[in-house]
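> final02.cif (mmCIF, N, CA and C atoms) pasted underneath:
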data_work
loop_
_atom_site.group_PDB
_atom_site.id
_atom_site.type_symbol
_atom_site.label_atom_id
_atom_site.label_comp_id
_atom_site.auth_asym_id
_atom_site.auth_seq_id
_atom_site.Cartn_x
_atom_site.Cartn_y
_atom_site.Cartn_z
ATOM 1 N N MET A 1 -70.932 78.515 -11.790
ATOM 2 C CA MET A 1 -71.244 77.132 -12.118
ATOM 3 C C MET A 1 -70.387 76.202 -11.259
ATOM 4 N N ASP A 2 -70.987 75.152 -10.761
ATOM 5 C CA ASP A 2 -70.253 74.129 -10.024
ATOM 6 C C ASP A 2 -69.719 73.115 -11.023
ATOM 7 N N PHE A 3 -68.408 72.913 -10.976
ATOM 8 C CA PHE A 3 -67.786 71.969 -11.894
ATOM 9 C C PHE A 3 -67.707 70.595 -11.248
ATOM 10 N N SER A 4 -67.999 69.579 -12.043
ATOM 11 C CA SER A 4 -67.851 68.211 -11.550
ATOM 12 C C SER A 4 -67.386 67.331 -12.706
ATOM 13 N N PRO A 5 -66.601 66.310 -12.387
ATOM 14 C CA PRO A 5 -66.118 65.402 -13.427
ATOM 15 C C PRO A 5 -67.259 64.553 -13.974
ATOM 16 N N THR A 6 -67.239 64.349 -15.283
ATOM 17 C CA THR A 6 -68.219 63.459 -15.903
ATOM 18 C C THR A 6 -67.570 62.176 -16.397
ATOM 19 N N GLU A 7 -66.226 62.226 -16.587
ATOM 20 C CA GLU A 7 -65.513 61.036 -17.046
ATOM 21 C C GLU A 7 -64.062 61.092 -16.584
ATOM 22 N N LEU A 8 -63.559 59.970 -16.132
ATOM 23 C CA LEU A 8 -62.149 59.814 -15.770
ATOM 24 C C LEU A 8 -61.620 58.642 -16.571
ATOM 25 N N LYS A 9 -60.441 58.825 -17.188
ATOM 26 C CA LYS A 9 -59.830 57.688 -17.861
ATOM 27 C C LYS A 9 -58.329 57.849 -17.905
ATOM 28 N N LEU A 10 -57.658 56.712 -17.908
ATOM 29 C CA LEU A 10 -56.208 56.704 -18.022
ATOM 30 C C LEU A 10 -55.830 57.018 -19.454
ATOM 31 N N ILE A 11 -54.900 57.953 -19.626
ATOM 32 C CA ILE A 11 -54.390 58.253 -20.957
ATOM 33 C C ILE A 11 -53.310 57.227 -21.294
ATOM 34 N N ASP A 12 -52.434 57.015 -20.344
ATOM 35 C CA ASP A 12 -51.344 56.049 -20.477
ATOM 36 C C ASP A 12 -50.871 55.732 -19.065
ATOM 37 N N ASP A 13 -49.645 55.225 -18.917
ATOM 38 C CA ASP A 13 -49.128 54.863 -17.593
ATOM 39 C C ASP A 13 -48.686 56.072 -16.779
ATOM 40 N N THR A 14 -48.818 57.284 -17.346
ATOM 41 C CA THR A 14 -48.285 58.457 -16.660
ATOM 42 C C THR A 14 -49.301 59.552 -16.394
ATOM 43 N N ALA A 15 -50.519 59.416 -16.932
ATOM 44 C CA ALA A 15 -51.460 60.529 -16.807
ATOM 45 C C ALA A 15 -52.922 60.085 -16.837
ATOM 46 N N LEU A 16 -53.747 60.956 -16.313
ATOM 47 C CA LEU A 16 -55.190 60.765 -16.206
ATOM 48 C C LEU A 16 -55.884 61.848 -17.020
ATOM 49 N N LEU A 17 -57.004 61.525 -17.619
ATOM 50 C CA LEU A 17 -57.833 62.503 -18.320
ATOM 51 C C LEU A 17 -59.132 62.666 -17.545
ATOM 52 N N ILE A 18 -59.502 63.913 -17.273
ATOM 53 C CA ILE A 18 -60.795 64.193 -16.649
ATOM 54 C C ILE A 18 -61.583 65.071 -17.599
ATOM 55 N N GLU A 19 -62.802 64.650 -17.901
ATOM 56 C CA GLU A 19 -63.720 65.492 -18.650
ATOM 57 C C GLU A 19 -64.694 66.088 -17.651
ATOM 58 N N TRP A 20 -64.919 67.396 -17.773
ATOM 59 C CA TRP A 20 -65.758 68.137 -16.837
ATOM 60 C C TRP A 20 -67.138 68.370 -17.417
ATOM 61 N N ASN A 21 -68.094 68.690 -16.541
ATOM 62 C CA ASN A 21 -69.490 68.839 -16.963
ATOM 63 C C ASN A 21 -69.727 69.997 -17.931
ATOM 64 N N ASP A 22 -68.746 70.872 -18.136
ATOM 65 C CA ASP A 22 -68.886 71.926 -19.138
ATOM 66 C C ASP A 22 -68.198 71.544 -20.449
ATOM 67 N N GLY A 23 -67.703 70.280 -20.532
ATOM 68 C CA GLY A 23 -67.071 69.787 -21.743
ATOM 69 C C GLY A 23 -65.561 69.947 -21.784
ATOM 70 N N GLN A 24 -64.994 70.703 -20.850
ATOM 71 C CA GLN A 24 -63.544 70.867 -20.839
ATOM 72 C C GLN A 24 -62.884 69.540 -20.484
ATOM 73 N N ARG A 25 -61.763 69.251 -21.180
ATOM 74 C CA ARG A 25 -60.992 68.035 -20.918
ATOM 75 C C ARG A 25 -59.604 68.461 -20.472
ATOM 76 N N LYS A 26 -59.121 67.835 -19.378
ATOM 77 C CA LYS A 26 -57.802 68.165 -18.855
ATOM 78 C C LYS A 26 -56.993 66.897 -18.620
ATOM 79 N N ARG A 27 -55.687 67.039 -18.882
ATOM 80 C CA ARG A 27 -54.721 65.957 -18.653
ATOM 81 C C ARG A 27 -53.997 66.239 -17.348
ATOM 82 N N TYR A 28 -53.862 65.202 -16.518
ATOM 83 C CA TYR A 28 -53.223 65.316 -15.206
ATOM 84 C C TYR A 28 -52.085 64.310 -15.096
ATOM 85 N N PRO A 29 -50.828 64.739 -15.288
ATOM 86 C CA PRO A 29 -49.709 63.822 -15.066
ATOM 87 C C PRO A 29 -49.686 63.378 -13.597
ATOM 88 N N PHE A 30 -49.446 62.099 -13.368
ATOM 89 C CA PHE A 30 -49.456 61.571 -12.005
ATOM 90 C C PHE A 30 -48.448 62.279 -11.107
ATOM 91 N N SER A 31 -47.266 62.538 -11.636
ATOM 92 C CA SER A 31 -46.239 63.201 -10.824
ATOM 93 C C SER A 31 -46.672 64.608 -10.416
ATOM 94 N N ALA A 32 -47.379 65.310 -11.292
ATOM 95 C CA ALA A 32 -47.869 66.655 -10.956
ATOM 96 C C ALA A 32 -48.957 66.591 -9.884
ATOM 97 N N LEU A 33 -49.821 65.586 -9.978
ATOM 98 C CA LEU A 33 -50.847 65.412 -8.939
ATOM 99 C C LEU A 33 -50.189 65.143 -7.589
ATOM 100 N N ARG A 34 -49.186 64.269 -7.590
ATOM 101 C CA ARG A 34 -48.514 63.934 -6.324
ATOM 102 C C ARG A 34 -47.862 65.169 -5.715
ATOM 103 N N LYS A 35 -47.223 65.995 -6.550
ATOM 104 C CA LYS A 35 -46.582 67.221 -6.063
ATOM 105 C C LYS A 35 -47.595 68.239 -5.560
ATOM 106 N N ALA A 36 -48.821 68.181 -6.066
ATOM 107 C CA ALA A 36 -49.858 69.133 -5.676
ATOM 108 C C ALA A 36 -50.720 68.625 -4.524
ATOM 109 N N CYS A 37 -50.321 67.528 -3.893
ATOM 110 C CA CYS A 37 -51.128 66.954 -2.813
ATOM 111 C C CYS A 37 -51.444 68.019 -1.765
ATOM 112 N N PRO A 38 -52.731 68.169 -1.435
ATOM 113 C CA PRO A 38 -53.137 69.210 -0.496
ATOM 114 C C PRO A 38 -53.142 68.810 0.978
ATOM 115 N N CYS A 39 -52.659 67.612 1.322
ATOM 116 C CA CYS A 39 -52.711 67.194 2.726
ATOM 117 C C CYS A 39 -51.782 68.055 3.586
ATOM 118 N N ALA A 40 -52.011 68.052 4.867
ATOM 119 C CA ALA A 40 -51.231 68.884 5.794
ATOM 120 C C ALA A 40 -49.745 68.546 5.756
ATOM 121 N N ALA A 41 -49.415 67.265 5.699
ATOM 122 C CA ALA A 41 -47.998 66.871 5.689
ATOM 123 C C ALA A 41 -47.296 67.382 4.433
ATOM 124 N N CYS A 42 -47.938 67.269 3.280
ATOM 125 C CA CYS A 42 -47.316 67.731 2.027
ATOM 126 C C CYS A 42 -47.245 69.255 1.977
ATOM 127 N N ARG A 43 -48.257 69.929 2.468
ATOM 128 C CA ARG A 43 -48.210 71.401 2.496
ATOM 129 C C ARG A 43 -47.082 71.851 3.400
ATOM 130 N N HIS A 44 -46.851 71.141 4.513
ATOM 131 C CA HIS A 44 -45.762 71.482 5.429
ATOM 132 C C HIS A 44 -44.414 71.270 4.745
ATOM 133 N N GLU A 45 -44.271 70.159 4.012
ATOM 134 C CA GLU A 45 -43.018 69.869 3.308
ATOM 135 C C GLU A 45 -42.715 70.939 2.271
ATOM 136 N N SER A 46 -43.731 71.377 1.536
ATOM 137 C CA SER A 46 -43.479 72.367 0.483
ATOM 138 C C SER A 46 -43.144 73.731 1.060
ATOM 139 N N GLY A 47 -43.515 73.976 2.312
ATOM 140 C CA GLY A 47 -43.196 75.244 2.955
ATOM 141 C C GLY A 47 -41.903 75.196 3.745
ATOM 142 N N ALA A 48 -41.260 74.032 3.781
ATOM 143 C CA ALA A 48 -40.019 73.881 4.548
ATOM 144 C C ALA A 48 -38.891 74.666 3.887
ATOM 145 N N GLU A 49 -37.861 74.931 4.674
ATOM 146 C CA GLU A 49 -36.706 75.653 4.152
ATOM 147 C C GLU A 49 -36.083 74.891 2.989
ATOM 148 N N THR A 50 -35.506 75.632 2.080
ATOM 149 C CA THR A 50 -34.840 75.033 0.934
ATOM 150 C C THR A 50 -33.590 74.300 1.400
ATOM 151 N N ALA A 51 -33.383 73.126 0.824
ATOM 152 C CA ALA A 51 -32.214 72.321 1.187
ATOM 153 C C ALA A 51 -30.943 73.015 0.703
ATOM 154 N N ASP A 52 -29.840 72.660 1.319
ATOM 155 C CA ASP A 52 -28.535 73.175 0.939
ATOM 156 C C ASP A 52 -28.255 72.758 -0.509
ATOM 157 N N PRO A 53 -28.059 73.716 -1.426
ATOM 158 C CA PRO A 53 -27.850 73.369 -2.831
ATOM 159 C C PRO A 53 -26.558 72.594 -3.083
ATOM 160 N N MET A 54 -25.655 72.613 -2.135
ATOM 161 C CA MET A 54 -24.391 71.890 -2.295
ATOM 162 C C MET A 54 -24.485 70.448 -1.782
ATOM 163 N N GLN A 55 -25.599 70.106 -1.145
ATOM 164 C CA GLN A 55 -25.773 68.761 -0.607
ATOM 165 C C GLN A 55 -26.563 67.920 -1.608
ATOM 166 N N LEU A 56 -26.051 66.754 -1.946
ATOM 167 C CA LEU A 56 -26.732 65.866 -2.877
ATOM 168 C C LEU A 56 -27.732 64.993 -2.132
ATOM 169 N N THR A 57 -28.886 64.795 -2.733
ATOM 170 C CA THR A 57 -29.906 63.928 -2.167
ATOM 171 C C THR A 57 -29.664 62.505 -2.636
ATOM 172 N N VAL A 58 -29.687 61.573 -1.716
ATOM 173 C CA VAL A 58 -29.523 60.165 -2.062
ATOM 174 C C VAL A 58 -30.912 59.595 -2.304
ATOM 175 N N LEU A 59 -31.111 59.055 -3.502
ATOM 176 C CA LEU A 59 -32.411 58.500 -3.876
ATOM 177 C C LEU A 59 -32.402 56.991 -3.711
ATOM 178 N N SER A 60 -33.511 56.481 -3.218
ATOM 179 C CA SER A 60 -33.663 55.027 -3.111
ATOM 180 C C SER A 60 -34.169 54.504 -4.459
ATOM 181 N N PRO A 61 -34.110 53.189 -4.666
ATOM 182 C CA PRO A 61 -34.654 52.636 -5.919
ATOM 183 C C PRO A 61 -36.127 52.994 -6.113
ATOM 184 N N ASP A 62 -36.894 53.061 -5.024
ATOM 185 C CA ASP A 62 -38.310 53.438 -5.130
ATOM 186 C C ASP A 62 -38.478 54.883 -5.589
ATOM 187 N N ASP A 63 -37.553 55.758 -5.205
ATOM 188 C CA ASP A 63 -37.622 57.163 -5.617
ATOM 189 C C ASP A 63 -37.440 57.315 -7.124
ATOM 190 N N LEU A 64 -36.792 56.353 -7.746
ATOM 191 C CA LEU A 64 -36.505 56.431 -9.173
ATOM 192 C C LEU A 64 -37.635 55.877 -10.040
ATOM 193 N N LYS A 65 -38.577 55.179 -9.441
ATOM 194 C CA LYS A 65 -39.700 54.616 -10.187
ATOM 195 C C LYS A 65 -40.666 55.728 -10.582
ATOM 196 N N PRO A 66 -41.292 55.611 -11.749
ATOM 197 C CA PRO A 66 -42.285 56.618 -12.146
ATOM 198 C C PRO A 66 -43.490 56.594 -11.199
ATOM 199 N N MET A 67 -44.037 57.761 -10.912
ATOM 200 C CA MET A 67 -45.209 57.870 -10.037
ATOM 201 C C MET A 67 -46.436 57.349 -10.789
ATOM 202 N N LYS A 68 -47.252 56.590 -10.070
ATOM 203 C CA LYS A 68 -48.497 56.076 -10.647
ATOM 204 C C LYS A 68 -49.636 56.314 -9.677
ATOM 205 N N VAL A 69 -50.836 56.327 -10.212
ATOM 206 C CA VAL A 69 -52.037 56.368 -9.385
ATOM 207 C C VAL A 69 -52.517 54.933 -9.274
ATOM 208 N N GLU A 70 -52.577 54.442 -8.044
ATOM 209 C CA GLU A 70 -53.010 53.065 -7.798
ATOM 210 C C GLU A 70 -54.530 52.975 -7.687
ATOM 211 N N LYS A 71 -55.140 54.035 -7.133
ATOM 212 C CA LYS A 71 -56.577 53.987 -6.856
ATOM 213 C C LYS A 71 -57.103 55.409 -6.695
ATOM 214 N N MET A 72 -58.334 55.635 -7.129
ATOM 215 C CA MET A 72 -59.043 56.894 -6.880
ATOM 216 C C MET A 72 -60.419 56.531 -6.362
ATOM 217 N N SER A 73 -60.802 57.156 -5.262
ATOM 218 C CA SER A 73 -62.137 56.897 -4.736
ATOM 219 C C SER A 73 -62.820 58.220 -4.425
ATOM 220 N N LEU A 74 -64.100 58.261 -4.690
ATOM 221 C CA LEU A 74 -64.891 59.460 -4.450
ATOM 222 C C LEU A 74 -65.002 59.703 -2.956
ATOM 223 N N ALA A 75 -64.808 60.950 -2.544
ATOM 224 C CA ALA A 75 -64.961 61.352 -1.139
ATOM 225 C C ALA A 75 -66.116 62.346 -1.095
ATOM 226 N N GLY A 76 -67.272 61.858 -0.746
ATOM 227 C CA GLY A 76 -68.453 62.720 -0.773
ATOM 228 C C GLY A 76 -68.793 63.095 -2.206
ATOM 229 N N ASN A 77 -69.361 64.289 -2.370
ATOM 230 C CA ASN A 77 -69.720 64.775 -3.706
ATOM 231 C C ASN A 77 -68.810 65.901 -4.145
ATOM 232 N N TYR A 78 -67.595 65.950 -3.584
ATOM 233 C CA TYR A 78 -66.772 67.130 -3.841
ATOM 234 C C TYR A 78 -65.289 66.836 -4.050
ATOM 235 N N ALA A 79 -64.836 65.587 -3.894
ATOM 236 C CA ALA A 79 -63.396 65.335 -3.948
ATOM 237 C C ALA A 79 -63.102 63.869 -4.262
ATOM 238 N N TYR A 80 -61.816 63.635 -4.611
ATOM 239 C CA TYR A 80 -61.295 62.280 -4.765
ATOM 240 C C TYR A 80 -60.139 62.087 -3.798
ATOM 241 N N ARG A 81 -60.063 60.888 -3.244
ATOM 242 C CA ARG A 81 -58.894 60.472 -2.483
ATOM 243 C C ARG A 81 -58.065 59.625 -3.452
ATOM 244 N N ILE A 82 -56.830 60.030 -3.643
ATOM 245 C CA ILE A 82 -55.957 59.346 -4.597
ATOM 246 C C ILE A 82 -54.876 58.589 -3.838
ATOM 247 N N THR A 83 -54.717 57.316 -4.168
ATOM 248 C CA THR A 83 -53.633 56.510 -3.613
ATOM 249 C C THR A 83 -52.554 56.411 -4.682
ATOM 250 N N PHE A 84 -51.358 56.903 -4.332
ATOM 251 C CA PHE A 84 -50.229 56.902 -5.261
ATOM 252 C C PHE A 84 -49.364 55.670 -5.042
ATOM 253 N N SER A 85 -48.525 55.386 -6.030
ATOM 254 C CA SER A 85 -47.678 54.196 -5.962
ATOM 255 C C SER A 85 -46.653 54.245 -4.834
ATOM 256 N N ASP A 86 -46.405 55.436 -4.269
ATOM 257 C CA ASP A 86 -45.496 55.512 -3.113
ATOM 258 C C ASP A 86 -46.237 55.268 -1.801
ATOM 259 N N GLY A 87 -47.531 54.908 -1.891
ATOM 260 C CA GLY A 87 -48.329 54.596 -0.709
ATOM 261 C C GLY A 87 -49.069 55.789 -0.131
ATOM 262 N N HIS A 88 -48.774 56.984 -0.589
ATOM 263 C CA HIS A 88 -49.413 58.183 -0.042
ATOM 264 C C HIS A 88 -50.875 58.238 -0.474
ATOM 265 N N ASN A 89 -51.777 58.543 0.489
ATOM 266 C CA ASN A 89 -53.208 58.617 0.162
ATOM 267 C C ASN A 89 -53.997 59.521 1.103
ATOM 268 N N THR A 90 -53.350 60.475 1.730
ATOM 269 C CA THR A 90 -54.061 61.280 2.731
ATOM 270 C C THR A 90 -54.639 62.577 2.190
ATOM 271 N N GLY A 91 -54.327 62.942 0.966
ATOM 272 C CA GLY A 91 -54.845 64.197 0.421
ATOM 273 C C GLY A 91 -56.204 64.020 -0.223
ATOM 274 N N LEU A 92 -57.085 64.984 0.008
ATOM 275 C CA LEU A 92 -58.365 65.014 -0.692
ATOM 276 C C LEU A 92 -58.272 66.051 -1.800
ATOM 277 N N PHE A 93 -58.371 65.597 -3.030
ATOM 278 C CA PHE A 93 -58.304 66.476 -4.182
ATOM 279 C C PHE A 93 -59.725 66.922 -4.520
ATOM 280 N N THR A 94 -60.075 68.129 -4.078
ATOM 281 C CA THR A 94 -61.420 68.635 -4.343
ATOM 282 C C THR A 94 -61.590 68.870 -5.839
ATOM 283 N N PHE A 95 -62.842 68.874 -6.292
ATOM 284 C CA PHE A 95 -63.109 69.170 -7.692
ATOM 285 C C PHE A 95 -62.567 70.559 -8.035
ATOM 286 N N GLU A 96 -62.696 71.484 -7.094
ATOM 287 C CA GLU A 96 -62.198 72.846 -7.318
ATOM 288 C C GLU A 96 -60.679 72.838 -7.558
ATOM 289 N N LEU A 97 -59.941 72.098 -6.729
ATOM 290 C CA LEU A 97 -58.486 72.009 -6.903
ATOM 291 C C LEU A 97 -58.147 71.332 -8.223
ATOM 292 N N LEU A 98 -58.798 70.226 -8.524
ATOM 293 C CA LEU A 98 -58.519 69.518 -9.771
ATOM 294 C C LEU A 98 -58.802 70.395 -10.984
ATOM 295 N N ARG A 99 -59.840 71.197 -10.898
ATOM 296 C CA ARG A 99 -60.169 72.088 -12.000
ATOM 297 C C ARG A 99 -59.043 73.102 -12.251
ATOM 298 N N GLU A 100 -58.379 73.533 -11.171
ATOM 299 C CA GLU A 100 -57.265 74.485 -11.304
ATOM 300 C C GLU A 100 -56.009 73.821 -11.865
ATOM 301 N N LEU A 101 -55.813 72.546 -11.536
ATOM 302 C CA LEU A 101 -54.635 71.809 -11.974
ATOM 303 C C LEU A 101 -54.848 71.272 -13.398
ATOM 304 N N GLY A 102 -53.860 70.638 -13.923
ATOM 305 C CA GLY A 102 -53.998 69.957 -15.199
ATOM 306 C C GLY A 102 -53.754 70.841 -16.408
ATOM 307 N N GLU A 103 -53.656 70.173 -17.540
ATOM 308 C CA GLU A 103 -53.394 70.836 -18.819
ATOM 309 C C GLU A 103 -54.612 70.657 -19.707
ATOM 310 N N VAL A 104 -55.160 71.747 -20.224
ATOM 311 C CA VAL A 104 -56.325 71.676 -21.100
ATOM 312 C C VAL A 104 -55.963 70.929 -22.387
ATOM 313 N N MET A 105 -56.816 70.013 -22.766
ATOM 314 C CA MET A 105 -56.632 69.255 -24.021
ATOM 315 C C MET A 105 -57.677 69.719 -25.022
ATOM 316 N N GLU A 106 -57.258 69.821 -26.246
ATOM 317 C CA GLU A 106 -58.180 70.234 -27.331
ATOM 318 C C GLU A 106 -58.977 69.069 -27.824
#
As structure tokens, please, write out the structure in this file.


Amino acid sequence: MDFSPTELKLIDDTALLIEWNDGQRKRYPFSALRKACPCAACRHESGAETADPMQLTVLSPDDLKPMKVEKMSLAGNYAYRITFSDGHNTGLFTFELLRELGEVME
């Protein structure tokens, strides 16, 4: 069966709800979506060597803000392009990928 979203709605300021054509409902925290970005740059970053555990990362004020989804637009009949609050928008989240992600809601 080909899965496709039938409804998208904001749950709150931190997550999205997608209802699928088979009736399954899933919750997608924005921060989890951002971490799962499938674009080439993000896939390269996640495959990079692990940072030195003794070195502290300096965070900017923007790094401390909660991640939000600013915009979602349909890309063909198979994916969404998501624009995040950090300005990132190059990943195409296919329906197949979205179906794998998220937390099932009862």

> Using only C-alpha atoms, determine which residues lie at most 6 Å from Phe30 in chain A, disregarding the query and same-chain residues fewer than 4 positions distant; provide the list as a ChimeraX atom specification.

/A:14-15,67-68

> Interatomic distance between CA of Pro66 in chain A and atom N of Gln24 in chain A?

28.1 Å

> What is the atom C of Gly102 in chain A to atom N of Lys35 in chain A distance in Å?

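Straight-line distance from atom C of Gly102 in chain A to atom N of Lys35 in chain A works out to 12.8 Å.
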
> Give me the result of the PyMOL selection byres (((chain A and resi 17 and name CA) around 9) and name CA) on this file, residue by residue, as an mmCIF file with N, CA and C atoms, in the frame of the given file.


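To be explicit, this is the file written out as selection-v4.cif:
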data_model
loop_
_atom_site.group_PDB
_atom_site.id
_atom_site.type_symbol
_atom_site.label_atom_id
_atom_site.label_comp_id
_atom_site.auth_asym_id
_atom_site.auth_seq_id
_atom_site.Cartn_x
_atom_site.Cartn_y
_atom_site.Cartn_z
ATOM 1 N N GLU A 7 -66.226 62.226 -16.587
ATOM 2 C CA GLU A 7 -65.513 61.036 -17.046
ATOM 3 C C GLU A 7 -64.062 61.092 -16.584
ATOM 4 N N LEU A 8 -63.559 59.970 -16.132
ATOM 5 C CA LEU A 8 -62.149 59.814 -15.770
ATOM 6 C C LEU A 8 -61.620 58.642 -16.571
ATOM 7 N N LYS A 9 -60.441 58.825 -17.188
ATOM 8 C CA LYS A 9 -59.830 57.688 -17.861
ATOM 9 C C LYS A 9 -58.329 57.849 -17.905
ATOM 10 N N LEU A 10 -57.658 56.712 -17.908
ATOM 11 C CA LEU A 10 -56.208 56.704 -18.022
ATOM 12 C C LEU A 10 -55.830 57.018 -19.454
ATOM 13 N N ILE A 11 -54.900 57.953 -19.626
ATOM 14 C CA ILE A 11 -54.390 58.253 -20.957
ATOM 15 C C ILE A 11 -53.310 57.227 -21.294
ATOM 16 N N ALA A 15 -50.519 59.416 -16.932
ATOM 17 C CA ALA A 15 -51.460 60.529 -16.807
ATOM 18 C C ALA A 15 -52.922 60.085 -16.837
ATOM 19 N N LEU A 16 -53.747 60.956 -16.313
ATOM 20 C CA LEU A 16 -55.190 60.765 -16.206
ATOM 21 C C LEU A 16 -55.884 61.848 -17.020
ATOM 22 N N ILE A 18 -59.502 63.913 -17.273
ATOM 23 C CA ILE A 18 -60.795 64.193 -16.649
ATOM 24 C C ILE A 18 -61.583 65.071 -17.599
ATOM 25 N N GLU A 19 -62.802 64.650 -17.901
ATOM 26 C CA GLU A 19 -63.720 65.492 -18.650
ATOM 27 C C GLU A 19 -64.694 66.088 -17.651
ATOM 28 N N ARG A 25 -61.763 69.251 -21.180
ATOM 29 C CA ARG A 25 -60.992 68.035 -20.918
ATOM 30 C C ARG A 25 -59.604 68.461 -20.472
ATOM 31 N N LYS A 26 -59.121 67.835 -19.378
ATOM 32 C CA LYS A 26 -57.802 68.165 -18.855
ATOM 33 C C LYS A 26 -56.993 66.897 -18.620
ATOM 34 N N ARG A 27 -55.687 67.039 -18.882
ATOM 35 C CA ARG A 27 -54.721 65.957 -18.653
ATOM 36 C C ARG A 27 -53.997 66.239 -17.348
ATOM 37 N N TYR A 28 -53.862 65.202 -16.518
ATOM 38 C CA TYR A 28 -53.223 65.316 -15.206
ATOM 39 C C TYR A 28 -52.085 64.310 -15.096
ATOM 40 N N PRO A 29 -50.828 64.739 -15.288
ATOM 41 C CA PRO A 29 -49.709 63.822 -15.066
ATOM 42 C C PRO A 29 -49.686 63.378 -13.597
ATOM 43 N N GLY A 102 -53.860 70.638 -13.923
ATOM 44 C CA GLY A 102 -53.998 69.957 -15.199
ATOM 45 C C GLY A 102 -53.754 70.841 -16.408
ATOM 46 N N MET A 105 -56.816 70.013 -22.766
ATOM 47 C CA MET A 105 -56.632 69.255 -24.021
ATOM 48 C C MET A 105 -57.677 69.719 -25.022
#

> List the spatial neighbours of range 91-95 of chain A as a PyMOL selection string - criterion: any atom at most 7 Å away, only C-alpha atoms, same-chain residues fewer than 4 positions off excluded.

chain A and resi 3-4+37-39+78-81+99

> Give me, please, the distance in Å between atom C of Ala41 in chain A and atom C of Ser73 in chain A, quoted to one decimal.

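Rounded to one decimal, the two atoms are 20.1 Å apart.
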
> Determine the nearest neighbour of Ala36 in chain A from the options A:Thr90, A:Leu56, A:Leu97, A:Gly76, counting only C-alpha atoms.

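Closest residue, counting only C-alpha atoms: A:Leu97.
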